[in-house]
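A.B. asks: Contents of run-v2.txt (compact mmCIF, C-alpha atoms and all ligand atoms):
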```txt
# COMPACT_ATOMS: atom_id res chain seq x y z
CA MET B 161 -0.16 50.35 47.47
CA ALA B 162 -3.91 49.93 47.71
CA GLN B 163 -5.11 46.36 47.71
CA ILE B 164 -6.73 45.28 44.45
CA THR B 165 -9.86 43.37 45.38
CA ARG B 166 -12.01 40.95 43.44
CA GLU B 167 -14.63 43.75 43.18
CA HIS B 168 -12.10 46.07 41.52
CA ILE B 169 -11.22 43.44 38.95
CA TRP B 170 -14.87 42.62 38.34
CA LYS B 171 -15.76 46.29 37.91
CA ARG B 172 -12.87 46.88 35.52
CA MET B 173 -13.91 43.87 33.48
CA GLU B 174 -17.47 45.17 33.24
CA GLU B 175 -16.22 48.61 32.16
CA LEU B 176 -14.04 47.13 29.43
CA HIS B 177 -16.90 44.90 28.33
CA THR B 178 -19.23 47.92 27.97
CA GLU B 179 -16.59 49.93 26.12
CA LEU B 180 -15.95 47.11 23.65
CA TYR B 181 -19.69 46.59 23.24
CA HIS B 182 -20.13 50.22 22.17
CA THR B 183 -17.42 49.95 19.51
CA GLY B 184 -20.03 48.03 17.53
CA LYS B 185 -17.27 45.71 16.26
CA ASN B 186 -16.23 42.12 16.78
CA TYR B 187 -12.62 41.35 17.64
CA CYS B 188 -10.40 38.33 17.27
CA SER B 189 -6.97 38.44 18.82
CA SER B 190 -4.17 36.14 19.90
CA ILE B 191 -2.63 36.96 23.26
CA VAL B 192 0.77 35.59 24.23
CA GLY B 193 2.98 35.80 27.29
CA GLY B 194 3.59 34.40 30.70
CA LYS B 195 6.05 34.46 33.57
CA ASN B 196 9.07 36.63 33.21
CA GLY B 197 12.02 34.57 34.48
CA ASN B 198 11.79 33.83 38.19
CA TYR B 199 9.32 36.59 38.93
CA ASP B 200 5.76 35.79 39.81
CA GLU B 201 4.25 38.53 37.66
CA CYS B 202 3.07 37.60 34.20
CA TYR B 203 3.28 39.78 31.13
CA TYR B 204 1.15 39.45 28.05
CA SER B 205 1.03 41.08 24.66
CA ILE B 206 -1.04 41.00 21.52
CA LYS B 207 0.43 38.96 18.70
CA ASN B 208 -2.34 39.43 16.18
CA ILE B 209 -5.58 41.34 16.19
CA ILE B 210 -8.42 41.87 13.75
CA PRO B 211 -9.55 44.60 13.31
CA LYS B 212 -6.55 46.64 14.34
CA ASP B 213 -7.66 49.91 15.96
CA LYS B 214 -7.27 52.09 19.03
CA ASN B 215 -8.90 49.48 21.28
CA GLU B 216 -5.88 47.19 21.33
CA ASN B 217 -4.98 48.15 24.91
CA LYS B 218 -8.49 47.59 26.17
CA ILE B 219 -8.48 44.12 24.68
CA LEU B 220 -5.11 43.31 26.20
CA ASN B 221 -6.29 44.51 29.62
CA TYR B 222 -9.49 42.54 29.32
CA ALA B 223 -7.70 39.35 28.20
CA THR B 224 -5.12 39.70 30.99
CA ILE B 225 -7.91 39.81 33.57
CA MET B 226 -9.50 36.73 31.96
CA ILE B 227 -6.19 34.88 32.12
CA MET B 228 -6.05 35.70 35.84
CA VAL B 229 -9.52 34.28 36.47
CA MET B 230 -9.03 31.22 34.23
CA SER B 231 -9.06 27.98 36.21
CA LYS B 232 -6.09 25.58 36.31
CA ASP B 233 -7.74 23.15 33.89
CA LYS B 234 -7.87 25.98 31.31
CA THR B 235 -11.62 25.90 30.73
CA PRO B 236 -12.53 28.74 28.36
CA VAL B 237 -13.67 31.93 30.11
CA ASN B 238 -16.86 33.50 28.77
CA PHE B 239 -18.20 36.81 29.92
CA CYS B 240 -21.64 37.60 28.59
CA LYS B 241 -23.73 40.68 29.20
CA GLY B 242 -26.86 41.23 27.20
CA GLU B 243 -26.18 40.28 23.62
CA PHE B 244 -22.42 40.60 23.73
CA THR B 245 -20.01 37.86 24.78
CA CYS B 246 -16.24 38.03 25.18
CA SER B 247 -14.36 34.75 25.45
CA LEU B 248 -10.84 33.67 26.17
CA ILE B 249 -9.67 30.28 24.95
CA TYR B 250 -6.41 28.63 25.95
CA ARG B 251 -4.48 27.45 22.88
CA LYS B 252 -1.17 26.00 24.06
CA GLY B 253 1.78 26.65 26.31
CA ASP B 254 3.66 25.67 29.43
CA ASP B 255 4.35 27.14 32.87
CA TYR B 256 6.25 30.06 31.37
CA TYR B 257 4.72 30.92 28.04
CA SER B 258 1.19 30.44 26.75
CA GLU B 259 -1.01 31.41 23.87
CA TYR B 260 -4.65 32.40 24.13
CA LEU B 261 -7.39 33.42 21.76
CA PHE B 262 -9.65 36.35 22.63
CA ILE B 263 -12.89 36.60 20.65
CA THR B 264 -16.09 38.56 20.84
CA LYS B 265 -19.53 37.56 19.64
CA ARG B 266 -22.76 39.51 19.13
CA ASP B 267 -26.19 37.86 19.01
CA THR B 268 -27.52 40.75 16.95
CA PRO B 269 -25.60 43.46 15.11
CA TYR B 270 -24.87 46.52 17.20
CA LEU B 271 -27.18 49.44 16.57
CA PHE B 272 -25.36 52.75 16.71
CA PRO B 273 -27.28 55.37 18.71
CA GLU B 274 -27.19 57.76 15.72
CA GLU B 275 -29.06 55.18 13.65
CA ILE B 276 -31.76 54.65 16.29
CA ILE B 277 -32.07 58.40 16.78
CA CYS B 278 -32.58 58.87 13.01
CA LYS B 279 -35.33 56.25 12.97
CA LYS B 280 -37.00 57.73 16.04
CA TYR B 281 -37.13 61.17 14.43
CA GLN B 282 -38.19 59.81 11.04
CA ILE B 283 -34.96 60.67 9.30
CA ILE B 284 -33.64 58.21 6.71
CA PRO B 285 -30.77 56.51 8.57
CA SER B 286 -28.25 56.96 5.76
CA ALA B 287 -24.57 57.24 6.62
CA GLU B 288 -24.73 60.93 5.77
CA ASN B 289 -27.71 61.60 8.06
CA GLN B 290 -26.15 59.60 10.89
CA LYS B 291 -23.08 61.78 10.54
CA LYS B 292 -25.25 64.91 10.67
CA VAL B 293 -26.88 63.64 13.87
CA ARG B 294 -23.46 62.97 15.34
CA ILE B 295 -22.15 66.42 14.46
CA SER B 296 -25.30 68.08 15.78
CA ILE B 297 -24.96 66.30 19.16
CA GLU B 298 -21.21 66.90 19.30
CA ASN B 299 -21.75 70.62 18.68
CA ARG B 300 -24.21 70.76 21.53
CA VAL B 301 -21.83 68.96 23.89
CA ASN B 302 -19.14 71.53 23.07
CA SER B 303 -21.45 74.49 23.37
CA TYR B 304 -22.79 73.35 26.78
CA LYS B 305 -19.26 72.83 28.01
CA LYS B 306 -18.35 76.35 26.99
CA ARG B 307 -21.51 77.88 28.44
CA ASP B 308 -21.20 76.02 31.74
CA PHE B 309 -17.57 77.07 32.00
CA GLU B 310 -18.50 80.71 31.43
CA LYS B 311 -21.37 80.45 33.92
CA LYS B 312 -19.06 78.97 36.53
CA ASN B 313 -16.64 81.86 36.06
CA ARG B 314 -19.46 84.33 36.61
CA CYS B 315 -20.72 82.70 39.81
CA VAL B 316 -19.64 84.32 43.05
CA THR B 317 -20.52 83.49 46.66
CA PHE B 318 -21.51 86.12 49.23
CA GLU B 319 -18.12 85.80 50.87
CA ASP B 320 -16.24 86.58 47.67
CA ALA B 321 -18.77 89.18 46.56
CA GLU B 322 -17.79 91.26 49.64
CA LYS B 323 -14.56 92.09 47.84
CA LEU B 324 -16.22 93.21 44.62
CA ASP B 325 -16.30 96.99 44.67
CA ASP B 326 -17.42 97.53 41.09
CA TYR B 327 -20.50 95.29 41.06
CA SER B 328 -23.90 96.19 42.42
CA VAL B 329 -27.18 94.33 42.90
CA ASN B 330 -29.51 94.47 39.89
CA THR B 331 -33.04 93.19 40.37
CA THR B 332 -34.49 94.16 37.00
CA TYR B 333 -32.30 92.47 34.40
CA PHE B 334 -33.46 88.92 35.23
CA ASP B 335 -37.07 90.07 35.52
CA ILE B 336 -37.73 92.24 32.51
CA TYR B 337 -41.46 91.54 32.61
CA GLY B 338 -41.78 92.27 36.32
CA GLU B 339 -43.18 88.82 37.06
CA ASP B 340 -40.85 87.75 39.82
CA ILE B 341 -42.62 89.00 42.97
CA GLU B 342 -39.98 87.61 45.33
CA LEU B 343 -37.25 89.42 43.43
CA GLN B 344 -39.24 92.64 43.48
CA ARG B 345 -39.36 92.41 47.27
CA CYS B 346 -35.58 92.75 47.18
CA LYS B 347 -35.77 95.90 45.03
CA TYR B 348 -34.80 98.19 47.93
CA VAL B 349 -31.21 96.89 47.71
CA GLU B 350 -30.97 97.77 44.01
CA GLY B 351 -27.68 99.47 43.17
CA LYS B 352 -25.98 98.47 46.43
CA LYS B 353 -22.73 96.59 46.60
CA VAL B 354 -22.72 93.34 48.58
CA ASN B 355 -20.42 94.87 51.23
CA GLU B 356 -22.96 97.65 51.78
CA LEU B 357 -25.77 95.25 52.64
CA THR B 358 -26.92 94.60 56.19
CA LYS B 359 -26.92 91.08 57.55
CA GLU B 360 -30.72 90.90 57.16
CA GLN B 361 -30.58 92.07 53.55
CA LYS B 362 -28.01 89.40 52.73
CA ILE B 363 -30.22 86.76 54.35
CA GLU B 364 -33.15 87.96 52.28
CA LEU B 365 -31.17 87.69 49.03
CA SER B 366 -29.80 84.32 50.07
CA ASN B 367 -33.31 83.03 50.82
CA TYR B 368 -34.47 84.22 47.42
CA ILE B 369 -31.61 82.31 45.71
CA THR B 370 -32.44 79.13 47.66
CA LYS B 371 -36.18 79.37 47.07
CA LYS B 372 -36.12 80.24 43.36
CA GLN B 373 -32.91 78.37 42.52
CA ARG B 374 -31.86 81.46 40.64
CA PRO B 375 -28.90 83.74 41.21
CA VAL B 376 -29.07 87.46 41.89
CA LEU B 377 -27.32 89.59 39.30
CA LEU B 378 -24.36 91.72 40.31
CA TYR B 379 -23.93 94.23 37.55
CA LYS B 380 -20.90 96.21 36.47
CA SER B 381 -21.32 96.93 32.76
CA PRO B 382 -23.32 95.45 29.85
CA SER B 383 -20.63 92.88 29.19
CA ASP B 384 -19.54 92.31 32.77
CA SER B 385 -21.78 90.92 35.46
CA LYS B 386 -21.61 88.25 38.13
CA LEU B 387 -24.11 85.72 39.42
CA LEU B 388 -24.50 85.89 43.19
CA VAL B 389 -25.09 82.39 44.59
CA ASN B 390 -25.09 80.70 47.98
CA GLU B 391 -22.65 78.12 46.75
CA ILE B 392 -20.99 77.48 43.41
CA PRO B 393 -22.98 74.75 41.64
CA GLU B 394 -21.23 71.63 40.51
CA PHE B 395 -21.08 72.09 36.75
CA GLN B 396 -20.86 68.82 34.87
CA PRO B 397 -22.03 69.30 31.28
CA ALA B 398 -23.55 66.16 29.75
CA SER B 399 -21.37 63.94 27.58
CA TYR B 400 -22.13 62.77 24.04
CA LYS B 401 -23.42 59.43 25.30
CA GLU B 402 -25.58 61.08 27.93
CA LEU B 403 -27.25 63.33 25.35
CA CYS B 404 -27.85 60.29 23.10
CA ASP B 405 -29.40 58.46 26.05
CA ILE B 406 -31.68 61.42 26.77
CA LEU B 407 -32.83 61.40 23.12
CA LEU B 408 -33.39 57.65 23.16
CA ASN B 409 -35.13 57.45 26.53
CA ASN B 410 -37.60 60.27 26.00
CA LYS B 411 -40.64 60.65 23.77
CA GLU B 412 -40.05 62.85 20.73
CA GLU B 413 -42.43 65.46 22.12
CA CYS B 414 -41.72 68.75 23.88
CA SER B 415 -41.83 68.31 27.67
CA TYR B 416 -43.63 71.66 28.01
CA CYS B 417 -46.11 72.14 25.13
CA LYS B 418 -46.18 68.46 24.01
CA CYS B 419 -45.71 69.32 20.33
CA ASN B 420 -43.91 66.81 18.12
CA MET B 421 -40.30 67.84 17.76
CA THR B 422 -38.01 67.56 14.76
CA LEU B 423 -34.30 66.98 14.53
CA LEU B 424 -31.83 68.22 11.89
CA ASN B 425 -33.67 71.25 10.58
CA GLU B 426 -31.86 73.13 7.86
CA ILE B 427 -33.54 76.39 8.84
CA TYR B 428 -34.97 77.66 12.14
CA SER B 429 -38.12 75.87 13.16
CA GLU B 430 -40.21 76.37 16.28
CA THR B 431 -40.45 72.61 16.67
CA SER B 432 -36.69 71.97 16.55
CA LEU B 433 -35.50 69.80 19.36
CA THR B 434 -33.47 71.55 22.06
CA PHE B 435 -31.98 70.42 25.36
CA ASP B 436 -33.26 72.62 28.15
CA ALA B 437 -31.36 73.08 31.40
CA ILE B 438 -34.35 72.83 33.74
CA ILE B 439 -32.70 74.96 36.43
CA SER B 440 -30.68 77.38 34.32
CA LEU B 441 -28.15 78.04 37.05
CA TYR B 442 -27.07 74.39 37.17
CA GLY B 443 -26.28 74.23 33.47
CA HIS B 444 -26.53 71.19 31.23
CA ARG B 445 -25.91 68.46 33.78
CA LYS B 446 -27.49 65.17 32.71
CA ASP B 447 -29.93 65.16 35.63
CA ASN B 448 -30.95 68.76 34.86
CA ILE B 449 -31.89 68.33 31.21
CA THR B 450 -35.22 67.92 29.53
CA ILE B 451 -35.93 68.04 25.81
CA CYS B 452 -38.21 70.75 24.51
CA CYS B 453 -39.01 72.65 21.32
CA SER B 454 -37.13 75.80 20.27
CA LEU B 455 -40.15 77.96 20.97
CA CYS B 456 -40.59 76.82 24.60
CA ASN B 457 -36.85 77.02 25.15
CA SER B 458 -36.63 80.57 23.80
CA LYS B 459 -39.53 81.76 25.98
CA LYS B 460 -37.75 80.39 29.02
CA THR B 461 -34.42 81.92 28.08
CA PHE B 462 -35.93 85.36 27.45
CA ASN B 463 -37.68 85.26 30.78
CA ASN B 464 -34.66 84.69 32.91
CA LYS B 465 -31.93 85.89 30.54
CA LEU B 466 -29.53 83.52 32.29
CA ASP B 467 -28.25 82.07 29.06
CA ILE B 468 -27.56 85.38 27.37
ZN ZN G 501 -42.71 73.25 23.31
```
The structure in this file should be written as structure tokens.
Ligand SMILES: [Zn+2]
C.D. replies:
Amino acid sequence: MAQITREHIWKRMEELHTELYHTGKNYCSSIVGGKNGNYDECYYSIKNIIPKDKNENKILNYATIMIMVMSKDKTPVNFCKGEFTCSLIYRKGDDYYSEYLFITKRDTPYLFPEEIICKKYQIIPSAENQKKVRISIENRVNSYKKRDFEKKNRCVTFEDAEKLDDYSVNTTYFDIYGEDIELQRCKYVEGKKVNELTKEQKIELSNYITKKQRPVLLYKSPSDSKLLVNEIPEFQPASYKELCDILLNNKEECSYCKCNMTLLNEIYSETSLTFDAIISLYGHRKDNITICCSLCNSKKTFNNKLDI
């Protein structure tokens, strides 16, 4: 079994602390337990907890770690990060069975990201609007997951593309306006299968993919095409929290045209906020996202057609 180090324990405690912080709640719980017979291991359980919710296990884990780090003289253990403190207080007990109190304290009430996002985008932060913000972000998380998954399934490396007999190189579909000069240089391989290409032609396509960070289309039929890449990108669509962080850490203006963006539009608006995957091929990974207006996003999508 791998050795559990002080760093592991510390890291776990920090993780639990952050998770409890983001519940926005305060907890009060009594923890009981101790040595089980002659064994050295100690077991603890929760006797009472307010409020009772799905975080019971996290609190028990957290309190157990605090019991481990508590000194022999039973001085209370306080762990404070920012405005949130978790404490463990020894109540009573002996060598075999003890009772502790686990409590949390907040210097200021927790602000839910949905509330801050509402305020930032000048939406009344009512419960209903906060819910709308949440649903809107959740929908995007799900849609990016789906799109990235589909994109990943379409990606094919040169090695695997050798075996594809039904797909041929298409240099026009991703360049409908004829603006991609580098891609046009590869036009002489149009209609060829990857296994028909010479070594030099493959190098040329591969260099194009590296330079432009865009795949080359291998076309079979209108609904069936592949994306030729040098290597399959690591798709890791952003999580709910990551999208919230992007909204909170960026100005509410489009990163391309600098217009002021709006959130929660009932009908289509050119200034609606969208999350743009900067390099389309890499999908909605948190380090590949910028926020921009619908208009700028649509121009980009129509140009490279990668998201269609
Ligand atoms: Zn814009």
A.B. asks: Could you tell me how far atom CA of B:Lys305 sits from atom CA of B:Thr422, in Å to one decimal place?
C.D. replies: 23.6 Å
A.B. asks: Find the residues around B:Lys195 up to 12 Å (all atoms listed in the file counted), leave out those fewer than 2 positions away in its own chain, and share them as a count of residues only.
C.D. replies: 16
A.B. asks: For B:Arg266, find every residue with an atom within 8 Å (counting all atoms listed in the file), except residues of its own chain fewer than 4 positions away, and show them as an MDAnalysis selection string.
C.D. replies: chainID B and resid 186 243:245 270
A.B. asks: Using only C-alpha atoms for the distances, tell me which of B:Asn208, B:Leu357, B:Leu324, B:Ser440 is nearest to B:Arg374.
C.D. replies: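 Selected residue with least distance to B:Arg374: B:Ser440.
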A.B. asks: Using all atoms listed in the file, find each residue with an atom at most 8 Å away from ligand ZN 501 (chain G) and format the answer as number ranges by chain.
C.D. replies: B: 413-419, 431, 452-457
A.B. asks: Residues near stretch 441-444 of chain B, anyone? I mean within 8 Å using only C-alpha atoms, not counting same-chain ones fewer than 2 positions away, as a PDB file with C-alpha atoms, keeping the file's coordinate frame.
C.D. replies:
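File produced: around_36.pdb:
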```pdb
ATOM      1  CA  TYR B 304     -22.790  73.350  26.780  1.00  0.00           C
ATOM      2  CA  ARG B 307     -21.510  77.880  28.440  1.00  0.00           C
ATOM      3  CA  ASP B 308     -21.200  76.020  31.740  1.00  0.00           C
ATOM      4  CA  LYS B 311     -21.370  80.450  33.920  1.00  0.00           C
ATOM      5  CA  GLN B 373     -32.910  78.370  42.520  1.00  0.00           C
ATOM      6  CA  ARG B 374     -31.860  81.460  40.640  1.00  0.00           C
ATOM      7  CA  PRO B 375     -28.900  83.740  41.210  1.00  0.00           C
ATOM      8  CA  PRO B 393     -22.980  74.750  41.640  1.00  0.00           C
ATOM      9  CA  GLU B 394     -21.230  71.630  40.510  1.00  0.00           C
ATOM     10  CA  PHE B 395     -21.080  72.090  36.750  1.00  0.00           C
ATOM     11  CA  GLN B 396     -20.860  68.820  34.870  1.00  0.00           C
ATOM     12  CA  PRO B 397     -22.030  69.300  31.280  1.00  0.00           C
ATOM     13  CA  ALA B 398     -23.550  66.160  29.750  1.00  0.00           C
ATOM     14  CA  ASP B 436     -33.260  72.620  28.150  1.00  0.00           C
ATOM     15  CA  ALA B 437     -31.360  73.080  31.400  1.00  0.00           C
ATOM     16  CA  ILE B 439     -32.700  74.960  36.430  1.00  0.00           C
ATOM     17  CA  LYS B 446     -27.490  65.170  32.710  1.00  0.00           C
ATOM     18  CA  ASN B 448     -30.950  68.760  34.860  1.00  0.00           C
ATOM     19  CA  ILE B 449     -31.890  68.330  31.210  1.00  0.00           C
ATOM     20  CA  LEU B 466     -29.530  83.520  32.290  1.00  0.00           C
TER      21      LEU B 466
END
```
A.B. asks: Can you tell me, as a list in words, what residues are no more than 7 Å from stretch 342-351 of chain B when counting all atoms listed in the file, ignoring any on the same chain fewer than 4 positions away?
C.D. replies: Ser328, Val329, Asn330, Thr331, Leu365 and Tyr368 of chain B
A.B. asks: Pull C-alpha atoms from the residues just selected and write them as a CSV table (one decimal), in the frame of the given file.
C.D. replies:
```csv
chain,number,residue,atom,x,y,z
B,328,SER,CA,-23.9,96.2,42.4
B,329,VAL,CA,-27.2,94.3,42.9
B,330,ASN,CA,-29.5,94.5,39.9
B,331,THR,CA,-33.0,93.2,40.4
B,365,LEU,CA,-31.2,87.7,49.0
B,368,TYR,CA,-34.5,84.2,47.4
```
A.B. asks: Within 7 Å of stretch 212-220 of chain B, counting only C-alpha atoms, which residues qualify if same-chain residues fewer than 5 places away don't, as a list in words?
C.D. replies: Leu176, Ser205 and Ile206 of chain B
A.B. asks: Between B:Glu275, B:Glu360, B:Glu310, B:Asp335, single out the one closest to B:Leu377, counting all atoms listed in the file.
C.D. replies: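 Nearest to B:Leu377: B:Asp335.
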A.B. asks: How far is it from atom CA of B:Asn390 to atom CA of B:Asn313, in Å with one decimal?
C.D. replies: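 Value for the atom CA of B:Asn390-atom CA of B:Asn313 distance: 14.7 Å.
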A.B. asks: Suppose you want the space between atom CA of B:Arg294 and atom CA of B:Ile276; what is it in Å?
C.D. replies: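 Atom CA of B:Ile276 lies 11.8 Å from atom CA of B:Arg294.
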A.B. asks: Around (-29.4, 67.2, 12.7) in the file's frame, which residues reach within 10 Å when counting all atoms listed in the file? Return as a compact mmCIF listing (two decimals) with C-alpha atoms, in the coordinates of the input?
C.D. replies:
```txt
# COMPACT_ATOMS: atom_id res chain seq x y z
CA CYS B 278 -32.58 58.87 13.01
CA TYR B 281 -37.13 61.17 14.43
CA ILE B 283 -34.96 60.67 9.30
CA ASN B 289 -27.71 61.60 8.06
CA GLN B 290 -26.15 59.60 10.89
CA LYS B 291 -23.08 61.78 10.54
CA LYS B 292 -25.25 64.91 10.67
CA VAL B 293 -26.88 63.64 13.87
CA ARG B 294 -23.46 62.97 15.34
CA ILE B 295 -22.15 66.42 14.46
CA SER B 296 -25.30 68.08 15.78
CA ILE B 297 -24.96 66.30 19.16
CA THR B 422 -38.01 67.56 14.76
CA LEU B 423 -34.30 66.98 14.53
CA LEU B 424 -31.83 68.22 11.89
CA ASN B 425 -33.67 71.25 10.58
CA GLU B 426 -31.86 73.13 7.86
CA SER B 432 -36.69 71.97 16.55
CA LEU B 433 -35.50 69.80 19.36
```
A.B. asks: Between B:Gln163, B:Ser429, B:Ser190, B:Ser399, which one has atoms that come closest to B:Asn302, using all atoms listed in the file?
C.D. replies: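 Among the listed residues, the smallest separation from B:Asn302 belongs to B:Ser399.
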